[in-house]
Amino acid sequence: MPVRMRARHRDEAHRAATPLELFFDLCFVVAVAQAGRQLAHALAEGHWGHGVSGYLMLFFAVWWAWMNFSWFSSAYDTDDPLYRVVTLVQMAGVLILAAGVPRAFASSDFTVIWFGFLVMRLAMVTQWLRAALGSVGAERRTALRYALGVTVCQVGWLGLIVLPRQDVPWVFIVVGLLELAVPALAERARQTTWHPHHIAERYGLFTIIVLGETVAAATLAVQAALDEHEELGSLLPIAAGGLLVVFCAYWIYFAVPIHLHLRSNRQAFVWGYGHYLVFGSAAAVGAGIEIAVAQAFGKAHLSTAAAAACVTVPAALFMFTVWLIHSRHQKRGLAQQLVLPVSSVLVLACTFAGRWAVFAAGLVASATVAVGVTLTARQGTALAE
């Protein structure tokens with residue numbers, strides 16, 4: 001039988017991600033993969049404006065739907081049959097959204113995307129209404145404001161279907177900003193009781209999943225090139241460099257614990273919203289490796305430097321954003337603080353290293369990790385003395 005949905009405690013001990021949450025994340029990988037694949041195809045054809053803008057818009061939809069569920073579940077997860085069923089409905093919406101990504105990229109037809117988002121948002125509104133039913137006072141007002149805000153925004157997304165194509169970017173900007181404002185407006189009366197350690201774990205797990213999708217996309221690109229050309233000389237620098245970039249991205253992100261920094265909504269909102277760039281750049285690295293492989297064999301309408309930029313730009317953005325919103329809060333001293341910003345600039349400089357650009361970026365990323373580990377070890381030794 002369904003239980004009364006009550007807010008969980010922020011200081012709850014041993015709070016960890018549930019199997020249902022992990023299953024939920026895996027469904028989002030399908031949507032992330034579709035967005036990355038379409039980005040790679042668009043950039044390989046030289047359609048930079050269309051590819052980048054389309055990717056940013058569609059990745060926002062994927063990321064925001066994941067955000068809505070993750071923060072709600074951190075505060076209200078009951079894991080009873082009703083909660084599971086509603087969450088499974090949200091997963092179905094994710095898969096519908098993923099199915100509509102190619103059409104949205106190719107012809108700006110957002111009908112399937114909107115319908116998938118509708119399924120997810122109706123499920124989310126149901127969860128918030130259930131939370132309101134099980135609460136009183138300020139907590140109930142917060143839940144009802146969330147339900148109303150999500151509903152209004154979903155109506156706003158109708159603009160993607162009914163307005164002319166040239167207005168689509170404006171719809172994303174206006175309604176996207178409204179979406180970002182809903183949590184801040186809803187929680188003015190009372191903050192939801194999201195769990196810092198649980199939220200940090202959820203973001204970390206999704207980072208791993210996105211990086212895993214990046215590895216999968218790069219592997220398929222290398223495999224396809226080998227099947228057709230059987231030339232290792234051109235592939236090895238790209239494959240090795242790309243693998244180093246992804247491995248180092250994992251190391252850089254998880255080098256410091258972050259849950260102790262998430263003490264208030266203000267800190268959590270900046271950190272949580274900033275992950276749009278973290279997740280988006282991590283997924284874009286995989287698309288960039290695909291493009292670099294295609295360009296090496298004359299399958300992409302890009303120069304060598306442009307193809308390299310498809311890897312180095314998102315890799316540098318990942319490094320800098322992780323430092324800006326994540327790791328700098330745990331860094332001590334000027335040397336530690338400068339490692340990631342300087343490394344992001346050096347990775348960008350690798351763009352002009354010709355066919356060795358991706359490999360050079362991998363070496364810079366590896367040096368970044370080595371320097372960071374050394375500085376942390378020295379700091380630990382100094383504190384021990």
# chains A, B, ... in the order shown; residues from 1 in each chain; ligands from 1

call {"tool": "residues_around", "arguments": {"residues": "Leu185 (chain A)", "least_positions_apart": "5", "cutoff": "12 Å", "atoms": "only C-alpha atoms", "output": "list in words"}}
result
Arg141, Thr142, Ala143, Leu144, Arg145, Tyr146, Ala147, Leu148, Gly149, Val150, Leu178, Glu179, Leu180, Arg190, Gln191 and Asn265 of chain A

call {"tool": "closest_atom_pairs", "arguments": {"of": "region 81-198 of chain A", "to": "region 52-60 of chain A", "cutoff": "8 Å", "atoms": "only C-alpha atoms", "output": "tab-separated table"}}
result
residue	atom	partner	partner_atom	distance
A:Val101	CA	A:Leu58	CA	7.4
A:Phe105	CA	A:Gly54	CA	6.3
A:Pro169	CA	A:Met57	CA	8.0
A:Phe172	CA	A:Met57	CA	6.8

call {"tool": "write_last_selection", "arguments": {"atoms": "N, CA and C atoms", "output": "short mmCIF file (atom, residue, chain, number, x, y, z; two decimals), in the first residue's frame"}}
result
data_model
loop_
_atom_site.label_atom_id
_atom_site.label_comp_id
_atom_site.auth_asym_id
_atom_site.auth_seq_id
_atom_site.Cartn_x
_atom_site.Cartn_y
_atom_site.Cartn_z
N VAL A 101 14.82 13.08 -30.64
CA VAL A 101 16.01 13.92 -30.84
C VAL A 101 16.43 14.02 -32.30
N PHE A 105 16.64 17.57 -34.45
CA PHE A 105 17.88 18.06 -35.05
C PHE A 105 17.73 18.27 -36.55
N PRO A 169 14.63 29.24 -30.71
CA PRO A 169 15.65 29.63 -29.72
C PRO A 169 15.10 30.54 -28.64
N PHE A 172 13.23 28.57 -26.05
CA PHE A 172 14.14 27.89 -25.13
C PHE A 172 14.72 28.86 -24.11
#

call {"tool": "closest_atom_pairs", "arguments": {"of": "region 178-288 of chain A", "to": "region 359-381 of chain A", "cutoff": "9 Å", "atoms": "only C-alpha atoms", "output": "tab-separated table"}}
result
residue	atom	partner	partner_atom	distance
A:Leu236	CA	A:Phe359	CA	8.7
A:Pro237	CA	A:Phe359	CA	5.1
A:Ile238	CA	A:Phe359	CA	5.8
A:Ala239	CA	A:Phe359	CA	8.0
A:Ala240	CA	A:Phe359	CA	6.4
A:Gly241	CA	A:Phe359	CA	3.7
A:Gly242	CA	A:Gly362	CA	6.3
A:Leu243	CA	A:Gly362	CA	7.4
A:Leu244	CA	A:Gly362	CA	4.8
A:Val245	CA	A:Gly362	CA	4.8
A:Val246	CA	A:Gly362	CA	8.4
A:Phe247	CA	A:Ser366	CA	8.6
A:Cys248	CA	A:Ala365	CA	5.9
A:Ala249	CA	A:Ala365	CA	7.9
A:Trp251	CA	A:Val369	CA	7.1
A:Ile252	CA	A:Val369	CA	6.7
A:Ala255	CA	A:Val373	CA	8.6

call {"tool": "closest_residue", "arguments": {"among": "A:Ala307, A:Ala316, A:Leu338, A:Leu262", "to": "Gln295 (chain A)", "atoms": "only C-alpha atoms"}}
result
A:Ala307

call {"tool": "closest_residue", "arguments": {"among": "A:Ala284, A:Ile258, A:Ala44, A:Val168", "to": "Ala306 (chain A)", "atoms": "only C-alpha atoms"}}
result
A:Ala44

call {"tool": "atom_distance", "arguments": {"atom1": "CA of Glu290 (chain A)", "atom2": "CA of Ala218 (chain A)"}}
result
5.7 Å

call {"tool": "atom_distance", "arguments": {"atom1": "CA of Ala224 (chain A)", "atom2": "CA of Val293 (chain A)"}}
result
9.5 Å

call {"tool": "closest_residue", "arguments": {"among": "A:Arg4, A:His47, A:Arg103, A:Arg202", "to": "Leu129 (chain A)", "atoms": "only C-alpha atoms"}}
result
A:Arg4

call {"tool": "atom_distance", "arguments": {"atom1": "CA of Glu139 (chain A)", "atom2": "CA of Ala7 (chain A)"}}
result
8.8 Å

call {"tool": "decode", "arguments": {"residues": "region 260-334 of chain A", "atoms": "C-alpha atoms", "output": "mmCIF file, in the first residue's frame"}}
result
data_model
loop_
_atom_site.group_PDB
_atom_site.id
_atom_site.type_symbol
_atom_site.label_atom_id
_atom_site.label_comp_id
_atom_site.auth_asym_id
_atom_site.auth_seq_id
_atom_site.Cartn_x
_atom_site.Cartn_y
_atom_site.Cartn_z
ATOM 1 C CA LEU A 260 30.360 19.327 2.856
ATOM 2 C CA HIS A 261 30.135 22.428 0.631
ATOM 3 C CA LEU A 262 26.397 21.940 -0.005
ATOM 4 C CA ARG A 263 25.098 23.565 3.149
ATOM 5 C CA SER A 264 22.401 25.867 1.756
ATOM 6 C CA ASN A 265 20.096 26.285 -1.237
ATOM 7 C CA ARG A 266 22.210 29.139 -2.573
ATOM 8 C CA GLN A 267 25.352 27.002 -2.716
ATOM 9 C CA ALA A 268 23.458 23.972 -3.960
ATOM 10 C CA PHE A 269 21.648 25.843 -6.751
ATOM 11 C CA VAL A 270 24.867 27.321 -8.172
ATOM 12 C CA TRP A 271 26.592 23.950 -7.973
ATOM 13 C CA GLY A 272 23.628 22.014 -9.344
ATOM 14 C CA TYR A 273 22.841 24.393 -12.206
ATOM 15 C CA GLY A 274 26.528 24.623 -13.140
ATOM 16 C CA HIS A 275 26.527 20.918 -13.888
ATOM 17 C CA TYR A 276 24.682 21.664 -17.102
ATOM 18 C CA LEU A 277 28.094 22.632 -18.492
ATOM 19 C CA VAL A 278 29.873 19.764 -16.733
ATOM 20 C CA PHE A 279 27.557 17.093 -18.109
ATOM 21 C CA GLY A 280 27.169 18.767 -21.493
ATOM 22 C CA SER A 281 30.907 19.190 -22.067
ATOM 23 C CA ALA A 282 31.658 15.633 -20.910
ATOM 24 C CA ALA A 283 29.153 14.222 -23.397
ATOM 25 C CA ALA A 284 30.443 16.521 -26.147
ATOM 26 C CA VAL A 285 33.970 15.109 -25.780
ATOM 27 C CA GLY A 286 32.672 11.784 -27.110
ATOM 28 C CA ALA A 287 31.113 13.514 -30.102
ATOM 29 C CA GLY A 288 34.398 15.360 -30.636
ATOM 30 C CA ILE A 289 36.388 12.138 -30.716
ATOM 31 C CA GLU A 290 33.962 10.780 -33.307
ATOM 32 C CA ILE A 291 34.566 13.871 -35.442
ATOM 33 C CA ALA A 292 38.351 13.681 -35.032
ATOM 34 C CA VAL A 293 38.319 10.053 -36.213
ATOM 35 C CA ALA A 294 36.071 10.891 -39.153
ATOM 36 C CA GLN A 295 38.254 13.834 -40.161
ATOM 37 C CA ALA A 296 41.418 11.708 -40.044
ATOM 38 C CA PHE A 297 39.956 9.538 -42.796
ATOM 39 C CA GLY A 298 38.373 12.290 -44.862
ATOM 40 C CA LYS A 299 34.832 11.620 -43.673
ATOM 41 C CA ALA A 300 34.244 15.058 -42.147
ATOM 42 C CA HIS A 301 34.068 18.421 -43.889
ATOM 43 C CA LEU A 302 36.372 20.094 -41.369
ATOM 44 C CA SER A 303 39.978 21.157 -41.140
ATOM 45 C CA THR A 304 42.327 19.309 -38.805
ATOM 46 C CA ALA A 305 42.264 22.189 -36.323
ATOM 47 C CA ALA A 306 38.459 22.431 -36.407
ATOM 48 C CA ALA A 307 38.119 18.700 -35.773
ATOM 49 C CA ALA A 308 40.612 18.920 -32.907
ATOM 50 C CA ALA A 309 38.624 21.813 -31.422
ATOM 51 C CA CYS A 310 35.625 19.506 -31.180
ATOM 52 C CA VAL A 311 37.620 17.636 -28.510
ATOM 53 C CA THR A 312 39.763 20.331 -26.935
ATOM 54 C CA VAL A 313 37.022 22.950 -26.446
ATOM 55 C CA PRO A 314 34.617 20.706 -24.470
ATOM 56 C CA ALA A 315 37.561 19.153 -22.581
ATOM 57 C CA ALA A 316 38.810 22.592 -21.563
ATOM 58 C CA LEU A 317 35.284 23.685 -20.655
ATOM 59 C CA PHE A 318 34.899 20.588 -18.475
ATOM 60 C CA MET A 319 38.142 21.315 -16.611
ATOM 61 C CA PHE A 320 37.366 24.966 -16.026
ATOM 62 C CA THR A 321 33.734 24.397 -14.985
ATOM 63 C CA VAL A 322 34.664 21.594 -12.578
ATOM 64 C CA TRP A 323 37.170 23.975 -10.978
ATOM 65 C CA LEU A 324 34.732 26.894 -10.910
ATOM 66 C CA ILE A 325 31.730 25.204 -9.296
ATOM 67 C CA HIS A 326 33.184 22.077 -7.749
ATOM 68 C CA SER A 327 36.817 21.586 -6.826
ATOM 69 C CA ARG A 328 37.968 25.111 -5.978
ATOM 70 C CA HIS A 329 36.013 24.955 -2.733
ATOM 71 C CA GLN A 330 38.422 22.275 -1.509
ATOM 72 C CA LYS A 331 41.652 23.681 -2.967
ATOM 73 C CA ARG A 332 44.181 25.366 -0.699
ATOM 74 C CA GLY A 333 46.809 27.823 -1.851
ATOM 75 C CA LEU A 334 47.411 29.587 -5.145
#
